[in-house]
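*Asks:* Have a peek at work-v8.cif (mmCIF, C-alpha atoms).
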data_target
loop_
_atom_site.label_atom_id
_atom_site.label_comp_id
_atom_site.auth_asym_id
_atom_site.auth_seq_id
_atom_site.Cartn_x
_atom_site.Cartn_y
_atom_site.Cartn_z
CA MET A 191 34.46 76.34 107.25
CA ARG A 192 34.65 77.54 110.85
CA TYR A 193 37.37 74.90 111.48
CA VAL A 194 39.43 76.24 108.55
CA LYS A 195 39.13 79.81 109.82
CA GLN A 196 40.26 78.72 113.27
CA LEU A 197 43.29 77.00 111.77
CA LEU A 198 44.13 80.09 109.73
CA THR A 199 43.81 82.28 112.81
CA LEU A 200 46.10 80.01 114.83
CA PHE A 201 48.59 79.92 111.97
CA CYS A 202 48.66 83.73 111.76
CA ILE A 203 49.18 84.06 115.51
CA ALA A 204 52.00 81.52 115.44
CA PHE A 205 53.62 83.30 112.51
CA LEU A 206 53.46 86.66 114.27
CA VAL A 207 54.96 85.21 117.46
CA LEU A 208 57.78 83.62 115.47
CA ALA A 209 58.41 86.83 113.51
CA VAL A 210 58.66 88.84 116.71
CA SER A 211 60.86 86.26 118.42
CA LEU A 212 63.41 85.77 115.66
CA PRO A 213 65.19 89.11 116.11
CA VAL A 214 65.36 88.47 119.86
CA PHE A 215 66.94 85.06 119.36
CA ALA A 216 69.34 86.50 116.83
CA ALA A 217 70.35 89.27 119.19
CA GLU A 218 70.90 86.79 122.02
CA ASP A 219 72.93 84.50 119.79
CA LYS A 220 75.26 87.31 118.75
CA TYR A 221 77.95 87.46 121.42
CA PRO A 222 79.66 89.73 122.09
CA SER A 223 77.58 92.67 120.96
CA LYS A 224 78.78 95.27 123.47
CA VAL A 225 81.81 96.15 125.55
CA ILE A 226 83.10 93.43 127.90
CA THR A 227 84.47 94.49 131.29
CA ILE A 228 87.16 92.56 133.16
CA ILE A 229 87.13 93.31 136.87
CA VAL A 230 90.55 93.32 138.54
CA PRO A 231 90.24 93.27 142.35
CA PHE A 232 93.38 95.35 142.90
CA SER A 233 94.61 98.85 142.13
CA ALA A 234 95.83 99.90 138.70
CA GLY A 235 99.52 99.36 138.01
CA GLY A 236 99.90 96.11 139.91
CA PRO A 237 100.69 92.62 138.53
CA SER A 238 97.07 91.47 138.19
CA ASP A 239 96.18 94.72 136.44
CA THR A 240 99.10 94.31 134.02
CA ILE A 241 98.19 90.70 133.23
CA ALA A 242 94.51 91.54 132.75
CA ARG A 243 95.22 94.45 130.40
CA LEU A 244 97.58 92.40 128.25
CA VAL A 245 95.06 89.57 128.00
CA ALA A 246 92.13 91.93 127.38
CA GLN A 247 93.94 93.64 124.52
CA THR A 248 94.82 90.34 122.85
CA MET A 249 91.46 88.62 123.42
CA SER A 250 89.64 91.59 121.94
CA VAL A 251 91.23 90.77 118.59
CA SER A 252 89.75 87.27 118.29
CA LEU A 253 86.42 88.34 119.80
CA LYS A 254 86.33 91.39 117.51
CA ASN A 255 85.04 93.37 120.43
CA GLN A 256 86.34 95.91 122.93
CA ILE A 257 87.36 94.65 126.36
CA ILE A 258 88.07 97.15 129.12
CA VAL A 259 89.59 96.65 132.57
CA GLU A 260 88.03 98.09 135.72
CA ASN A 261 89.90 98.13 139.02
CA VAL A 262 87.80 97.38 142.11
CA ALA A 263 90.36 97.25 144.90
CA GLY A 264 90.14 96.47 148.58
CA ALA A 265 90.08 93.72 151.21
CA GLY A 266 92.64 91.52 149.49
CA GLY A 267 90.59 91.20 146.33
CA THR A 268 87.32 90.17 147.99
CA ILE A 269 85.42 93.37 147.18
CA GLY A 270 85.96 92.94 143.46
CA ALA A 271 85.23 89.22 143.67
CA ALA A 272 81.94 89.82 145.50
CA ARG A 273 80.89 92.30 142.83
CA VAL A 274 81.53 89.80 140.03
CA ALA A 275 79.74 87.02 141.93
CA LYS A 276 76.58 89.17 141.92
CA ALA A 277 76.94 90.40 138.33
CA GLN A 278 74.62 89.44 135.49
CA PRO A 279 75.80 86.09 134.04
CA ASP A 280 75.69 87.34 130.46
CA GLY A 281 79.37 87.22 129.53
CA TYR A 282 79.91 90.97 129.78
CA THR A 283 81.41 91.01 133.26
CA LEU A 284 84.54 88.89 133.71
CA PHE A 285 87.08 88.53 136.48
CA VAL A 286 90.86 88.13 136.61
CA HIS A 287 92.32 87.06 139.94
CA HIS A 288 95.44 85.28 141.12
CA ILE A 289 96.33 82.74 143.79
CA GLY A 290 94.46 84.90 146.32
CA HIS A 291 91.16 83.55 145.01
CA SER A 292 92.12 80.17 146.46
CA THR A 293 93.18 81.51 149.87
CA ALA A 294 90.13 83.68 150.53
CA PRO A 295 87.93 80.84 151.92
CA THR A 296 90.44 80.26 154.72
CA LEU A 297 91.59 83.83 155.31
CA TYR A 298 88.16 85.44 155.56
CA ARG A 299 85.67 84.30 158.19
CA LYS A 300 82.80 86.31 156.67
CA LEU A 301 83.33 85.77 152.97
CA THR A 302 80.16 86.75 151.07
CA TYR A 303 80.78 84.46 148.11
CA ASP A 304 82.03 80.98 147.30
CA PRO A 305 85.17 81.04 145.09
CA ILE A 306 84.17 77.76 143.47
CA ASN A 307 80.39 77.73 143.30
CA ASP A 308 79.74 81.41 142.57
CA PHE A 309 82.00 81.61 139.51
CA ALA A 310 82.19 79.95 136.12
CA PRO A 311 85.84 79.16 135.35
CA ILE A 312 87.13 80.09 131.90
CA GLY A 313 90.81 79.16 132.08
CA LEU A 314 94.22 79.69 133.63
CA ILE A 315 96.35 82.48 132.17
CA ASN A 316 99.93 82.41 133.40
CA ASP A 317 102.47 81.29 135.96
CA GLY A 318 104.66 84.02 137.39
CA ALA A 319 107.64 84.33 139.69
CA MET A 320 108.07 86.60 142.68
CA THR A 321 111.06 88.62 143.81
CA LEU A 322 112.31 89.70 147.20
CA VAL A 323 113.01 93.41 146.83
CA ALA A 324 113.83 96.36 149.09
CA ARG A 325 114.13 100.12 148.95
CA LYS A 326 117.22 101.30 147.11
CA ASN A 327 119.03 102.46 150.25
CA PHE A 328 118.27 99.38 152.35
CA PRO A 329 121.49 98.39 154.22
CA ALA A 330 121.65 94.73 153.12
CA ASN A 331 123.33 93.96 149.79
CA ASN A 332 122.47 90.25 149.50
CA LEU A 333 119.97 87.81 150.96
CA LYS A 334 122.22 86.58 153.77
CA GLU A 335 122.85 90.15 154.86
CA LEU A 336 119.13 90.91 154.63
CA ILE A 337 118.22 87.93 156.80
CA ALA A 338 120.83 88.91 159.40
CA TYR A 339 119.69 92.55 159.37
CA VAL A 340 116.00 91.67 159.65
CA LYS A 341 116.61 89.33 162.58
CA ALA A 342 118.68 91.94 164.37
CA ASN A 343 116.17 94.75 163.70
CA LYS A 344 112.84 92.95 163.62
CA ASP A 345 111.14 95.67 165.69
CA LYS A 346 112.26 98.39 163.29
CA VAL A 347 111.88 96.75 159.87
CA ASN A 348 108.56 96.73 158.01
CA LEU A 349 107.28 94.44 155.28
CA ALA A 350 104.79 95.75 152.70
CA ASN A 351 102.14 93.73 150.91
CA ALA A 352 99.17 94.25 148.60
CA GLY A 353 96.59 93.44 151.27
CA VAL A 354 95.39 90.44 153.22
CA GLY A 355 95.14 87.42 150.92
CA SER A 356 97.30 88.90 148.19
CA ALA A 357 100.22 86.96 146.74
CA SER A 358 102.67 89.32 148.42
CA HIS A 359 100.92 88.77 151.75
CA LEU A 360 101.17 84.97 151.39
CA ALA A 361 104.82 85.19 150.38
CA GLY A 362 105.51 87.48 153.32
CA MET A 363 103.91 85.00 155.71
CA LEU A 364 106.07 82.20 154.34
CA PHE A 365 109.17 84.38 154.60
CA MET A 366 108.51 85.21 158.25
CA SER A 367 107.73 81.56 158.93
CA ALA A 368 111.01 80.48 157.31
CA LEU A 369 112.95 82.96 159.49
CA GLN A 370 110.75 82.23 162.52
CA ILE A 371 110.17 85.91 163.24
CA ASP A 372 107.27 88.36 163.26
CA LEU A 373 107.64 91.67 161.46
CA THR A 374 105.50 94.77 161.19
CA THR A 375 103.49 94.32 158.01
CA ILE A 376 101.94 97.19 156.05
CA PRO A 377 98.99 96.18 153.84
CA TYR A 378 98.01 98.24 150.81
CA LYS A 379 95.09 98.15 148.39
CA GLY A 380 97.18 96.51 145.69
CA THR A 381 100.85 96.23 144.83
CA GLY A 382 100.81 99.43 142.78
CA PRO A 383 100.53 101.67 145.86
CA ALA A 384 102.89 99.39 147.81
CA MET A 385 105.52 99.66 145.08
CA ASN A 386 105.14 103.44 144.97
CA ASP A 387 105.98 103.63 148.67
CA LEU A 388 108.88 101.20 148.27
CA LEU A 389 110.28 103.38 145.49
CA GLY A 390 109.84 106.39 147.71
CA GLY A 391 111.57 104.71 150.65
CA GLN A 392 108.50 104.78 152.93
CA VAL A 393 108.63 100.99 153.43
CA ASP A 394 111.61 98.65 153.75
CA PHE A 395 110.97 95.58 151.63
CA MET A 396 108.37 93.29 150.09
CA ILE A 397 108.01 90.10 148.06
CA ASP A 398 106.19 90.93 144.86
CA GLN A 399 105.49 89.50 141.45
CA THR A 400 108.00 90.07 138.67
CA THR A 401 105.26 91.72 136.61
CA ASN A 402 105.47 94.59 139.09
CA THR A 403 109.18 94.57 139.95
CA THR A 404 111.19 93.71 136.83
CA SER A 405 111.24 97.16 135.24
CA HIS A 406 112.22 98.80 138.55
CA ILE A 407 114.94 96.20 139.17
CA LYS A 408 116.41 96.75 135.70
CA ALA A 409 116.30 100.51 136.21
CA GLY A 410 118.18 100.17 139.50
CA LYS A 411 115.38 101.84 141.46
CA ILE A 412 115.11 99.03 144.03
CA LYS A 413 117.36 96.29 145.39
CA VAL A 414 116.67 92.65 144.56
CA TYR A 415 117.79 89.63 146.58
CA GLY A 416 116.28 86.61 144.85
CA VAL A 417 113.53 85.06 142.73
CA THR A 418 111.10 82.47 144.08
CA THR A 419 111.44 79.93 141.27
CA LYS A 420 113.55 76.77 141.00
CA LYS A 421 115.55 78.26 138.14
CA ARG A 422 116.79 81.74 137.34
CA LEU A 423 114.64 83.85 135.07
CA ALA A 424 115.66 84.73 131.53
CA SER A 425 114.40 88.26 132.17
CA LEU A 426 116.60 88.60 135.30
CA PRO A 427 119.55 86.26 134.63
CA ASP A 428 121.82 87.86 137.23
CA VAL A 429 119.33 87.47 140.07
CA PRO A 430 119.84 84.23 142.06
CA THR A 431 117.04 81.97 143.18
CA MET A 432 116.15 82.18 146.85
CA ASN A 433 117.71 78.75 147.25
CA GLU A 434 120.97 79.90 145.65
CA ALA A 435 120.97 83.06 147.73
CA GLY A 436 120.70 81.23 151.04
CA LEU A 437 117.05 80.42 151.82
CA PRO A 438 116.43 76.77 150.84
CA ASN A 439 113.06 75.50 149.59
CA PHE A 440 111.50 78.95 149.34
CA GLU A 441 109.53 78.57 146.12
CA ILE A 442 106.33 80.35 145.13
CA THR A 443 104.67 80.56 141.72
CA VAL A 444 101.77 82.95 141.25
CA TRP A 445 99.05 82.07 138.76
CA HIS A 446 96.26 84.18 137.30
CA ALA A 447 92.97 82.98 135.88
CA LEU A 448 89.86 84.24 134.11
CA TYR A 449 86.33 83.72 135.46
CA ALA A 450 82.73 84.72 134.77
CA PRO A 451 79.76 84.81 137.17
CA LYS A 452 78.01 81.53 137.90
CA GLY A 453 75.24 80.80 135.42
CA THR A 454 76.97 82.30 132.39
CA PRO A 455 75.78 80.17 129.43
CA LYS A 456 78.16 77.41 128.41
CA PRO A 457 78.39 78.55 124.76
CA ILE A 458 79.67 81.93 125.98
CA ILE A 459 82.13 80.30 128.40
CA ASP A 460 83.40 78.09 125.57
CA GLN A 461 83.77 81.09 123.26
CA LEU A 462 85.70 83.02 125.90
CA SER A 463 87.91 80.03 126.64
CA LYS A 464 88.78 79.69 122.96
CA ALA A 465 89.54 83.41 122.78
CA LEU A 466 91.79 83.07 125.82
CA GLN A 467 93.62 80.13 124.26
CA ALA A 468 94.11 82.12 121.05
CA ALA A 469 95.46 85.05 123.06
CA LEU A 470 97.96 82.83 124.87
CA LYS A 471 99.37 81.72 121.50
CA ASP A 472 100.09 85.29 120.49
CA PRO A 473 103.88 85.84 120.22
CA VAL A 474 103.63 89.49 121.24
CA LEU A 475 101.73 88.59 124.41
CA ASN A 476 104.17 85.82 125.23
CA GLN A 477 107.12 88.13 124.78
CA ARG A 478 105.52 90.70 127.09
CA PHE A 479 104.95 87.97 129.68
CA ALA A 480 108.56 86.80 129.32
CA ASP A 481 109.85 90.35 129.76
CA LEU A 482 107.96 90.43 133.04
CA GLY A 483 109.30 87.10 134.27
CA SER A 484 106.06 85.25 133.58
CA GLU A 485 104.88 82.69 131.03
CA SER A 486 101.58 81.64 129.50
CA VAL A 487 100.11 78.34 130.61
CA ALA A 488 99.86 75.41 128.19
CA GLN A 489 96.71 75.33 126.06
CA ASN A 490 95.21 72.42 128.00
CA ARG A 491 95.33 74.52 131.18
CA ALA A 492 93.48 77.47 129.63
CA THR A 493 90.18 75.60 129.95
CA PRO A 494 87.24 75.66 132.38
CA GLU A 495 87.91 72.08 133.48
CA ALA A 496 91.61 72.66 134.20
CA LEU A 497 90.93 75.86 136.14
CA ARG A 498 88.20 74.26 138.23
CA ALA A 499 90.51 71.40 139.22
CA HIS A 500 93.44 73.74 139.87
CA LEU A 501 91.40 76.08 142.06
CA LYS A 502 90.17 73.21 144.22
CA SER A 503 93.72 71.89 144.53
CA GLU A 504 95.07 75.29 145.58
CA ILE A 505 92.33 75.77 148.18
CA ASN A 506 93.28 72.43 149.69
CA LYS A 507 96.98 73.34 149.57
CA TRP A 508 96.85 76.78 151.17
CA GLY A 509 94.12 76.14 153.73
CA PRO A 510 96.30 74.21 156.19
CA ILE A 511 99.22 76.63 155.75
CA ILE A 512 97.08 79.67 156.58
CA LYS A 513 95.41 77.94 159.52
CA LYS A 514 98.79 76.96 160.92
CA ALA A 515 100.01 80.56 160.59
CA GLY A 516 96.90 81.76 162.41
CA VAL A 517 96.35 84.71 160.10
CA PHE A 518 92.71 85.56 159.48
CA ALA A 519 90.71 88.59 158.38
CA ASP A 520 87.17 89.66 159.23
#
Can you dump the structure from the file as structure tokens?

*Replies:*
Amino acid sequence: MRYVKQLLTLFCIAFLVLAVSLPVFAAEDKYPSKVITIIVPFSAGGPSDTIARLVAQTMSVSLKNQIIVENVAGAGGTIGAARVAKAQPDGYTLFVHHIGHSTAPTLYRKLTYDPINDFAPIGLINDGAMTLVARKNFPANNLKELIAYVKANKDKVNLANAGVGSASHLAGMLFMSALQIDLTTIPYKGTGPAMNDLLGGQVDFMIDQTTNTTSHIKAGKIKVYGVTTKKRLASLPDVPTMNEAGLPNFEITVWHALYAPKGTPKPIIDQLSKALQAALKDPVLNQRFADLGSESVAQNRATPEALRAHLKSEINKWGPIIKKAGVFAD
């Protein structure tokens, strides 16, 4: 009899534990159940911010959940990246960054995070072109004239960028290397502020992503000298490639990608990757990208595996270039 009572007691305890645990498991299994935040490591209004907001809006449809974008600018994107690296790995803090995520290990001697090991890749987003642009009243009217003017006035001309490690910074380094000159560079906390000063005539020229320059080019607010792709862009058909304009082999494509903090559960990463793939099929999103001189990646590149491999490849590609240029940040 005592044995039966003990069994009944154990059964009741087990039942109570299970009853209490079930709602917890159910709550944990239901993702997403609150607002998701995508951290963009640059100021609002720049290319990365534009890409992130377009993707967030479209992904929110398939996830049936609100996604907001928060700008955490500074230090070429490393402040925002460090914040995400330390965030809770629960799927509610995500990260959109561009090519700069692959250059940070070489550029920064005191990087507080590992771009590969401290993040869980979700997938690549897009490939975008860059444009060489200048203030509206800049003397040069084409690339050959610009090159001649810059060489003759290298101590007077300034080159803006979105901060050390940004895509515009990398492009600027390559441009100076191609011309074999050093120019005064003016770093900003994102391309939004840099573009504002270019529009206002406070800086001379910059090389920036089409997501940030196309509308201003079409409106005639800035001068454009070339695009950094092999072929002309459908969104800017009258703008020559840098090769056509007189600077051979100057090609740069800027990619963006989506990450989560390391340790984010695989089922959540898989769900986010599928939502990203669904977003990149959306015709409205693709048209917005095209209008900005960018295009969505193929579905097989919007995966954790493809992003992980691509990031490693880009780190290996840019490392030697940056070391050779001798440009580093503390």

*Asks:* What gap, in Å, lies between atom CA of A:Pro383 and atom CA of A:Ala409?

*Replies:*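 Between these atoms lies a distance of 18.5 Å.
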
*Asks:* Would you compute the distance between atom CA of A:Gln399 and atom CA of A:Ser238? Give it in Å to one decimal.

*Replies:*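 One can read the atom CA of A:Gln399 to atom CA of A:Ser238 distance as 9.2 Å.
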
*Asks:* List the neighbours of A:Ile257 out to 6 Å using only C-alpha atoms; skip same-chain residues closer than 2 positions along the sequence, and give me the result as an MDAnalysis selection string.

*Replies:* chainID A and resid 225:227 246 250

*Asks:* Selection in question (the file shown): the PyMOL selection byres ((chain A and resi 320) around 9). Which residues does it include, as a tab-separated table (two decimals) with C-alpha atoms, in the frame of the given file?

*Replies:*
chain	number	residue	atom	x	y	z
A	318	GLY	CA	104.66	84.02	137.39
A	319	ALA	CA	107.64	84.33	139.69
A	321	THR	CA	111.06	88.62	143.81
A	322	LEU	CA	112.31	89.70	147.20
A	357	ALA	CA	100.22	86.96	146.74
A	358	SER	CA	102.67	89.32	148.42
A	361	ALA	CA	104.82	85.19	150.38
A	397	ILE	CA	108.01	90.10	148.06
A	398	ASP	CA	106.19	90.93	144.86
A	399	GLN	CA	105.49	89.50	141.45
A	400	THR	CA	108.00	90.07	138.67
A	401	THR	CA	105.26	91.72	136.61
A	403	THR	CA	109.18	94.57	139.95
A	416	GLY	CA	116.28	86.61	144.85
A	417	VAL	CA	113.53	85.06	142.73
A	418	THR	CA	111.10	82.47	144.08
A	419	THR	CA	111.44	79.93	141.27
A	441	GLU	CA	109.53	78.57	146.12
A	442	ILE	CA	106.33	80.35	145.13
A	443	THR	CA	104.67	80.56	141.72
A	444	VAL	CA	101.77	82.95	141.25
A	483	GLY	CA	109.30	87.10	134.27

*Asks:* Between A:Asp428, A:Glu260, A:Lys421, A:Pro311, single out the one closest to A:Lys502, counting only C-alpha atoms.

*Replies:*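 That would be A:Pro311, the residue with the smallest distance to A:Lys502.
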
*Asks:* Give me, as a compact mmCIF listing (two decimals) with C-alpha atoms, in the frame of the given file, all polymer residues having an atom no more than 10 Å from stretch 263-280 of chain A, counting all atoms listed in the file and skipping those fewer than 3 positions away in the same chain.

*Replies:*
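This went into result_3.txt:
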# COMPACT_ATOMS: atom_id res chain seq x y z
CA GLU A 218 70.90 86.79 122.02
CA TYR A 221 77.95 87.46 121.42
CA PRO A 222 79.66 89.73 122.09
CA ILE A 226 83.10 93.43 127.90
CA ILE A 228 87.16 92.56 133.16
CA ILE A 229 87.13 93.31 136.87
CA VAL A 230 90.55 93.32 138.54
CA PRO A 231 90.24 93.27 142.35
CA PHE A 232 93.38 95.35 142.90
CA SER A 233 94.61 98.85 142.13
CA ALA A 234 95.83 99.90 138.70
CA GLU A 260 88.03 98.09 135.72
CA THR A 283 81.41 91.01 133.26
CA LEU A 284 84.54 88.89 133.71
CA PHE A 285 87.08 88.53 136.48
CA VAL A 286 90.86 88.13 136.61
CA HIS A 287 92.32 87.06 139.94
CA HIS A 288 95.44 85.28 141.12
CA GLY A 290 94.46 84.90 146.32
CA HIS A 291 91.16 83.55 145.01
CA ALA A 294 90.13 83.68 150.53
CA LEU A 297 91.59 83.83 155.31
CA TYR A 298 88.16 85.44 155.56
CA LEU A 301 83.33 85.77 152.97
CA THR A 302 80.16 86.75 151.07
CA TYR A 303 80.78 84.46 148.11
CA ASP A 304 82.03 80.98 147.30
CA PRO A 305 85.17 81.04 145.09
CA ASN A 307 80.39 77.73 143.30
CA ASP A 308 79.74 81.41 142.57
CA PHE A 309 82.00 81.61 139.51
CA ALA A 310 82.19 79.95 136.12
CA ASN A 351 102.14 93.73 150.91
CA ALA A 352 99.17 94.25 148.60
CA GLY A 353 96.59 93.44 151.27
CA VAL A 354 95.39 90.44 153.22
CA GLY A 355 95.14 87.42 150.92
CA SER A 356 97.30 88.90 148.19
CA ALA A 357 100.22 86.96 146.74
CA HIS A 359 100.92 88.77 151.75
CA PRO A 377 98.99 96.18 153.84
CA TYR A 378 98.01 98.24 150.81
CA LYS A 379 95.09 98.15 148.39
CA GLY A 380 97.18 96.51 145.69
CA TYR A 449 86.33 83.72 135.46
CA ALA A 450 82.73 84.72 134.77
CA PRO A 451 79.76 84.81 137.17
CA LYS A 452 78.01 81.53 137.90
CA GLY A 453 75.24 80.80 135.42
CA THR A 454 76.97 82.30 132.39
CA PRO A 455 75.78 80.17 129.43
CA ILE A 458 79.67 81.93 125.98
CA ILE A 459 82.13 80.30 128.40
CA ALA A 519 90.71 88.59 158.38
CA ASP A 520 87.17 89.66 159.23

*Asks:* Between atom CA of A:Ile289 and atom CA of A:Arg491, what distance in Å does the model show, to one decimal?

*Replies:*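 Calculated distance between atom CA of A:Ile289 and atom CA of A:Arg491 is 15.1 Å.
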
*Asks:* Please evaluate the PyMOL selection byres ((chain A and resi 348) around 9) against the displayed coordinates and give the resulting residues as a VMD selection string.

*Replies:* chain A and resid 344 to 347 349 to 350 373 to 376 393 to 396

*Asks:* Quick one: residues within 8 Å of A:Ser463, all atoms listed in the file, excluding same-chain residues fewer than 4 positions away - as a PyMOL selection string?

*Replies:* chain A and resi 312-313+459+467+492-494

*Asks:* Go ahead and fit an axis-aligned box to every listed atom of stretch 453-459 of chain A plus 6 Å each side, and pass me the centre and edge lengths in Å, one decimal, as lines of an AutoDock Vina configuration file.

*Replies:*
center_x = 78.7
center_y = 79.9
center_z = 130.1
size_x = 18.9
size_y = 16.9
size_z = 22.7
